[in-house]
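Coordinates as given in query_4.pdb (PDB, C-alpha atoms, pLDDT in the B column):
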```pdb
ATOM      1  CA  LEU N   1       0.000   0.000   0.000  1.00 69.00           C
ATOM      2  CA  VAL N   2       2.888   2.341   0.796  1.00 78.00           C
ATOM      3  CA  MET N   3       4.460   1.538  -2.546  1.00 73.00           C
ATOM      4  CA  PHE N   4       1.199   2.321  -4.339  1.00 75.00           C
ATOM      5  CA  TYR N   5       0.778   5.697  -2.631  1.00 81.00           C
ATOM      6  CA  SER N   6       4.425   6.649  -3.170  1.00 80.00           C
ATOM      7  CA  ALA N   7       4.127   5.762  -6.867  1.00 79.00           C
ATOM      8  CA  ALA N   8       0.967   7.870  -7.129  1.00 81.00           C
ATOM      9  CA  LEU N   9       2.713  10.776  -5.394  1.00 84.00           C
ATOM     10  CA  PHE N  10       5.762  10.537  -7.678  1.00 82.00           C
ATOM     11  CA  LEU N  11       3.463  10.384 -10.691  1.00 82.00           C
ATOM     12  CA  ALA N  12       1.643  13.525  -9.574  1.00 85.00           C
ATOM     13  CA  ILE N  13       4.878  15.406  -8.885  1.00 84.00           C
ATOM     14  CA  GLY N  14       6.415  14.245 -12.160  1.00 81.00           C
ATOM     15  CA  THR N  15       3.330  15.212 -14.144  1.00 82.00           C
ATOM     16  CA  PHE N  16       3.388  18.653 -12.540  1.00 84.00           C
ATOM     17  CA  MET N  17       7.083  19.086 -13.315  1.00 80.00           C
ATOM     18  CA  ILE N  18       6.629  17.997 -16.934  1.00 80.00           C
ATOM     19  CA  SER N  19       3.629  20.289 -17.437  1.00 82.00           C
ATOM     20  CA  ALA N  20       5.400  23.225 -15.748  1.00 83.00           C
ATOM     21  CA  ASN N  21       8.677  22.878 -17.696  1.00 79.00           C
ATOM     22  CA  GLY N  22       7.295  21.759 -21.032  1.00 77.00           C
ATOM     23  CA  THR N  23       8.656  18.927 -23.130  1.00 76.00           C
ATOM     24  CA  THR N  24      12.403  18.757 -22.620  1.00 80.00           C
ATOM     25  CA  THR N  25      14.939  15.967 -22.522  1.00 83.00           C
ATOM     26  CA  TYR N  26      14.591  15.919 -18.752  1.00 81.00           C
ATOM     27  CA  GLY N  27      10.815  15.586 -19.098  1.00 78.00           C
ATOM     28  CA  VAL N  28      11.133  12.616 -21.426  1.00 80.00           C
ATOM     29  CA  ILE N  29      13.581  10.890 -19.085  1.00 84.00           C
ATOM     30  CA  LEU N  30      11.329  11.646 -16.119  1.00 80.00           C
ATOM     31  CA  SER N  31       8.258  10.292 -17.890  1.00 80.00           C
ATOM     32  CA  GLY N  32      10.155   7.073 -18.716  1.00 84.00           C
ATOM     33  CA  PHE N  33      11.172   6.737 -15.069  1.00 84.00           C
ATOM     34  CA  LEU N  34       7.597   7.312 -13.904  1.00 82.00           C
ATOM     35  CA  PHE N  35       6.288   4.731 -16.362  1.00 85.00           C
ATOM     36  CA  ALA N  36       8.861   2.192 -15.132  1.00 87.00           C
ATOM     37  CA  MET N  37       7.869   2.934 -11.529  1.00 83.00           C
ATOM     38  CA  LEU N  38       4.196   2.370 -12.296  1.00 83.00           C
ATOM     39  CA  LEU N  39       4.986  -0.941 -13.994  1.00 86.00           C
ATOM     40  CA  GLU N  40       7.042  -2.023 -11.002  1.00 86.00           C
ATOM     41  CA  CYS N  41       4.208  -1.092  -8.659  1.00 83.00           C
ATOM     42  CA  TYR N  42       1.742  -3.054 -10.801  1.00 85.00           C
ATOM     43  CA  TRP N  43       3.989  -6.125 -10.931  1.00 89.00           C
ATOM     44  CA  CYS N  44       4.594  -6.064  -7.184  1.00 86.00           C
ATOM     45  CA  CYS N  45       0.852  -5.782  -6.516  1.00 85.00           C
ATOM     46  CA  GLN N  46       0.219  -8.733  -8.850  1.00 89.00           C
ATOM     47  CA  LEU N  47       2.910 -10.742  -7.041  1.00 92.00           C
ATOM     48  CA  VAL N  48       1.371 -10.031  -3.642  1.00 90.00           C
ATOM     49  CA  ASP N  49      -2.073 -11.019  -4.950  1.00 91.00           C
ATOM     50  CA  ARG N  50      -0.698 -14.312  -6.257  1.00 95.00           C
ATOM     51  CA  LEU N  51       1.092 -15.001  -2.966  1.00 95.00           C
ATOM     52  CA  ASN N  52      -2.131 -14.370  -1.047  1.00 95.00           C
ATOM     53  CA  GLU N  53      -4.022 -16.751  -3.346  1.00 95.00           C
ATOM     54  CA  VAL N  54      -1.401 -19.476  -2.882  1.00 95.00           C
ATOM     55  CA  ASN N  55      -1.443 -18.910   0.882  1.00 94.00           C
ATOM     56  CA  THR N  56      -5.223 -19.313   0.935  1.00 93.00           C
ATOM     57  CA  GLN N  57      -5.038 -22.482  -1.176  1.00 93.00           C
ATOM     58  CA  ILE N  58      -2.378 -23.980   1.114  1.00 91.00           C
ATOM     59  CA  GLY N  59      -4.509 -23.205   4.168  1.00 88.00           C
ATOM     60  CA  ILE N  60      -7.574 -24.792   2.599  1.00 89.00           C
ATOM     61  CA  LEU N  61      -5.611 -27.919   1.638  1.00 86.00           C
ATOM     62  CA  LEU N  62      -4.026 -28.271   5.075  1.00 80.00           C
ATOM     63  CA  TYR N  63      -7.262 -27.911   6.978  1.00 81.00           C
ATOM     64  CA  SER N  64      -9.092 -30.310   4.685  1.00 81.00           C
ATOM     65  CA  LEU N  65      -6.652 -33.133   5.534  1.00 75.00           C
ATOM     66  CA  ASP N  66      -7.489 -35.727   8.156  1.00 70.00           C
ATOM     67  CA  TRP N  67      -4.377 -34.991  10.188  1.00 66.00           C
ATOM     68  CA  PRO N  68      -6.191 -34.584  13.535  1.00 63.00           C
ATOM     69  CA  VAL N  69      -7.589 -38.094  13.155  1.00 63.00           C
ATOM     70  CA  GLU N  70      -4.258 -39.598  12.118  1.00 62.00           C
ATOM     71  CA  LEU N  71      -2.323 -37.967  14.966  1.00 63.00           C
ATOM     72  CA  GLN N  72      -4.371 -39.542  17.752  1.00 67.00           C
ATOM     73  CA  CYS N  73      -2.350 -41.452  20.275  1.00 67.00           C
ATOM     74  CA  THR N  74      -3.109 -45.165  20.375  1.00 69.00           C
ATOM     75  CA  LYS N  75      -1.343 -48.090  22.057  1.00 72.00           C
ATOM     76  CA  ALA N  76       0.327 -48.964  18.765  1.00 68.00           C
ATOM     77  CA  THR N  77       1.759 -45.485  18.231  1.00 64.00           C
ATOM     78  CA  ALA N  78       2.561 -44.816  21.924  1.00 65.00           C
ATOM     79  CA  SER N  79       5.083 -47.631  22.112  1.00 62.00           C
ATOM     80  CA  ARG N  80       7.152 -46.309  19.200  1.00 57.00           C
TER
END
```

Show this structure as structure tokens.
Amino acid sequence: LVMFYSAALFLAIGTFMISANGTTTYGVILSGFLFAMLLECYWCCQLVDRLNEVNTQIGILLYSLDWPVELQCTKATASR
């Protein structure tokens, strides 16, 4: 979330600087940097979404197993 807001802030500042100074070499370089930053923010957000999905799937698979039943202590397993 911090990365998203910082990218939005940099985009706003960069857009203001480009519009205030006009189209210069610095403005083109700055716009390329801002575009790269937005792509990085998008890719990181996609990565976090995928990690959350995998985490949810792992939790569902673990809790659907019969491990509480299999871990009960019986005379056969107590002597091991």

State, in Å with one decimal place, the distance from CA of Leu9 (chain N) to CA of Trp43 (chain N).
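Between these atoms lies a distance of 17.8 Å.
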
Residues in the PyMOL selection byres ((chain N and resi 7) around 10), expressed as a list in words
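This file, filtered by the PyMOL selection byres ((chain N and resi 7) around 10), leaves Leu1, Val2, Met3, Phe4, Tyr5, Ser6, Ala8, Leu9, Phe10, Leu11, Ala12, Ile13, Leu34, Phe35, Met37, Leu38, Leu39, Glu40, Cys41 and Tyr42 of chain N.
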
Tell me, in Å to one decimal, how far CA of Val48 (chain N) is from CA of Gly14 (chain N).
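Separation of CA of Val48 (chain N) and CA of Gly14 (chain N): 26.2 Å.
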
If I take CA of Asn52 (chain N) and CA of Phe33 (chain N), how far is one from the other in Å, to one decimal?
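Computed distance, CA of Asn52 (chain N) to CA of Phe33 (chain N), equals 28.6 Å.
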
Using all atoms of region 23-35 of chain N that appear in the file, construct an axis-aligned enclosing box with 6 Å of padding on every side and provide its centre coordinates and edge lengths in Å, rounded to one decimal, as JSON.
```
{"center_x": 10.6, "center_y": 11.8, "center_z": -18.5, "size_x": 20.7, "size_y": 26.2, "size_z": 21.2}
```
